[in-house]
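Chemist: The following file, work-v6.txt, comprises compact mmCIF, C-alpha atoms:
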# COMPACT_ATOMS: atom_id res chain seq x y z
CA MET P 202 50.09 20.45 232.10
CA THR P 203 49.53 16.92 230.87
CA THR P 204 48.11 16.03 227.48
CA ASP P 205 44.88 14.62 228.86
CA LYS P 206 44.23 17.81 230.87
CA LYS P 207 44.81 20.00 227.80
CA LEU P 208 42.44 17.85 225.79
CA ARG P 209 39.78 17.94 228.50
CA ILE P 210 39.98 21.75 228.61
CA ILE P 211 39.47 21.89 224.85
CA PHE P 212 36.65 19.34 225.08
CA TRP P 213 34.74 21.34 227.70
CA ALA P 214 35.49 24.69 226.00
CA GLY P 215 33.84 23.42 222.82
CA LEU P 216 30.77 22.29 224.73
CA ALA P 217 30.63 25.62 226.57
CA THR P 218 30.72 27.43 223.23
CA VAL P 219 27.78 25.41 221.96
CA ALA P 220 25.86 25.97 225.20
CA PHE P 221 26.53 29.71 224.95
CA LEU P 222 25.29 29.81 221.34
CA VAL P 223 22.12 27.93 222.21
CA ALA P 224 21.42 30.16 225.22
CA ALA P 225 22.08 33.31 223.20
CA PHE P 226 19.83 32.33 220.30
CA GLU P 227 17.08 30.94 222.52
CA SER P 228 16.91 34.20 224.45
CA LEU P 229 16.05 36.14 221.27
CA ASP P 230 12.39 36.82 220.55
CA GLU P 231 12.64 36.52 216.78
CA ALA P 232 10.90 33.57 215.18
CA GLU P 233 12.87 33.78 211.92
CA GLY P 234 16.39 32.66 211.18
CA PHE P 235 19.01 35.29 210.48
CA LEU P 236 20.04 33.72 207.16
CA VAL P 237 17.59 34.53 204.40
CA MET P 238 18.34 32.56 201.28
CA ASP P 239 16.72 30.86 198.34
CA SER P 240 15.42 27.35 199.04
CA ARG P 241 17.87 25.92 196.47
CA TRP P 242 20.82 27.41 198.35
CA GLU P 243 19.49 26.11 201.63
CA PHE P 244 19.05 22.63 200.14
CA GLY P 245 22.61 22.71 198.76
CA ILE P 246 24.11 23.81 202.06
CA GLN P 247 22.04 21.22 203.90
CA THR P 248 23.21 18.46 201.56
CA VAL P 249 26.86 19.41 201.92
CA ALA P 250 26.53 19.65 205.72
CA GLU P 251 24.90 16.21 205.86
CA LEU P 252 27.62 14.64 203.71
CA VAL P 253 30.40 16.24 205.75
CA THR P 254 28.75 15.10 208.99
CA ILE P 255 28.22 11.56 207.69
CA VAL P 256 31.90 11.31 206.74
CA ALA P 257 33.27 13.09 209.82
CA ILE P 258 31.59 10.95 212.47
CA PRO P 259 33.11 7.57 211.53
CA THR P 260 36.41 9.24 210.68
CA ALA P 261 36.64 10.83 214.13
CA LEU P 262 35.48 7.72 215.95
CA ARG P 263 37.82 5.34 214.11
CA LEU P 264 40.84 7.66 213.78
CA PHE P 265 42.94 5.89 216.40
CA LYS P 266 41.86 2.38 215.38
CA THR P 267 43.80 2.19 212.11
CA LYS P 268 47.13 0.36 212.16
CA ARG P 269 49.02 3.38 210.88
CA MET P 270 47.69 5.74 213.55
CA ARG P 271 48.09 3.14 216.30
CA ALA P 272 51.76 2.69 215.32
CA ARG P 273 52.28 6.45 215.27
CA LEU P 274 50.73 6.80 218.73
CA VAL P 275 52.93 4.07 220.17
CA THR P 276 56.14 5.53 218.70
CA CYS P 277 55.39 9.20 219.45
CA GLY P 278 53.58 8.73 222.77
CA THR P 279 51.53 11.49 224.30
CA LYS P 280 53.26 14.21 222.28
CA GLY P 281 52.06 12.64 219.04
CA MET P 282 48.66 12.02 220.50
CA LEU P 283 47.99 15.69 221.20
CA GLY P 284 47.81 16.66 217.54
CA LEU P 285 45.69 13.68 216.52
CA ALA P 286 43.32 14.08 219.45
CA LEU P 287 42.98 17.79 218.66
CA LEU P 288 42.10 16.85 215.10
CA ARG P 289 39.46 14.41 216.32
CA LEU P 290 37.93 16.84 218.82
CA SER P 291 37.97 19.80 216.45
CA LEU P 292 36.42 17.73 213.67
CA LEU P 293 33.40 16.97 215.82
CA GLN P 294 33.14 20.22 217.76
CA LEU P 295 33.53 22.55 214.78
CA LEU P 296 30.78 20.64 213.01
CA ILE P 297 28.54 20.97 216.08
CA ILE P 298 29.11 24.72 216.14
CA MET P 299 28.54 24.98 212.37
CA ASN P 300 25.31 22.98 212.53
CA THR P 301 24.09 24.99 215.54
CA LEU P 302 24.70 28.27 213.71
CA LEU P 303 23.03 26.94 210.56
CA TYR P 304 20.06 25.71 212.58
CA TYR P 305 19.47 29.08 214.16
CA GLY P 306 20.23 30.81 210.87
CA THR P 307 17.74 28.86 208.79
CA LEU P 308 15.54 27.18 211.43
CA SER P 309 15.85 23.95 209.45
CA THR P 310 15.55 21.03 211.84
CA ALA P 311 18.02 18.93 209.84
CA PHE P 312 20.88 21.08 211.12
CA GLY P 313 19.61 20.75 214.68
CA TYR P 314 19.42 16.97 214.38
CA MET P 315 22.94 16.78 212.97
CA ALA P 316 24.23 18.87 215.89
CA ILE P 317 22.47 16.54 218.34
CA ILE P 318 23.92 13.45 216.65
CA LEU P 319 27.39 14.97 216.86
CA LEU P 320 26.83 15.78 220.54
CA LEU P 321 25.92 12.14 221.11
CA CYS P 322 29.25 11.13 219.56
CA LEU P 323 31.35 13.27 221.92
CA PRO P 324 31.28 10.86 224.92
CA PHE P 325 32.97 8.27 222.71
CA VAL P 326 36.00 10.54 222.24
CA TYR P 327 36.17 12.00 225.76
CA PRO P 328 39.90 12.46 226.52
CA SER P 329 40.18 10.71 229.87
CA ARG P 330 43.52 9.68 231.36
CA ALA P 331 42.69 5.99 230.90
CA ARG P 332 41.86 6.54 227.22
CA CYS P 333 45.11 8.46 226.66
CA GLU P 334 47.13 5.69 228.32
CA GLU P 335 45.32 2.97 226.39
CA GLU P 336 45.72 4.71 223.03
CA THR P 337 49.42 5.50 223.47
CA GLY P 338 50.43 2.37 225.35
CA GLU P 339 52.03 4.49 228.11
CA GLU P 340 51.25 4.54 231.78
CA ARG P 341 52.02 7.39 234.14
CA PRO P 342 52.51 7.07 237.87
Would you kindly transcribe this structure into structure tokens?

Modeler:
Amino acid sequence: MTTDKKLRIIFWAGLATVAFLVAAFESLDEAEGFLVMDSRWEFGIQTVAELVTIVAIPTALRLFKTKRMRARLVTCGTKGMLGLALLRLSLLQLLIIMNTLLYYGTLSTAFGYMAIILLLCLPFVYPSRARCEEETGEERP
């Protein structure tokens, strides 16, 4: 199986996980979140989640644009790309899952908005064959 196919499977599996979580929580009749905590704790968790999201988005989007990473991709080819692309996808998708769970846990809209913003970033890192070839400098027949 090629690298781009593996990455696409992981990409769609992450989205399916988020869709499953949303469907599962939306089917419940409860109007309260499942996490009951003090407002100070919720504010602290929300602040940390916002900071992590704010740092993770540009990091994931610009990961392959630095000279060091570009050189590593060219020398290692698609084998080296797999690990870096997994890092980029997992960085975004794990944050989407975390923010989705925190949204349904606290019903704070900030977590929902952060998950939506992260979802909007995913098309920019979609692991297509053309993107893999462009980022590694290799072409396959």

Chemist: For Gly284 (chain P), which of P:Leu319, P:Met299, P:Leu264, P:Ala257 is the closest residue, counting only C-alpha atoms?

Modeler: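 Counting only C-alpha atoms, the residue closest to Gly284 (chain P) is P:Leu264.
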
Chemist: Nearest to Leu236 (chain P): which of P:Cys322, P:Met315, P:Leu302, P:Leu222 is it, counting only C-alpha atoms?

Modeler: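 Of P:Cys322, P:Met315, P:Leu302, P:Leu222, the one nearest Leu236 (chain P) is P:Leu302, counting only C-alpha atoms.
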
Chemist: Pick out the residues sitting within 10 Å of Lys207 (chain P), and hand them over as a PyMOL selection string; count only C-alpha atoms, and ignore anything fewer than 5 positions along from it in its own chain.

Modeler: chain P and resi 202+212+283+287+328

Chemist: Skipping near chain neighbours, those fewer than 4 positions away, what residues fall within 12 Å of Phe235 (chain P) using all atoms listed in the file, listed as a list in words?

Modeler: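 The residues satisfying every condition are Phe226, Leu229, Glu231, Leu302, Leu303, Tyr304, Tyr305, Gly306, Thr307, Leu308 and Ser309 of chain P.
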
Chemist: Would you list the residues near (34.4, 6.4, 213.8), meaning any protein, DNA or RNA residue with an atom at most 12 Å from that point in file coordinates, counting all atoms listed in the file, as a PyMOL selection string?

Modeler: chain P and resi 254-267+289+292-293+319+322-323+325-326

Chemist: Calculate how many Å separate CA of Gly215 (chain P) from CA of Val275 (chain P), rounding to one decimal.

Modeler: 27.3 Å
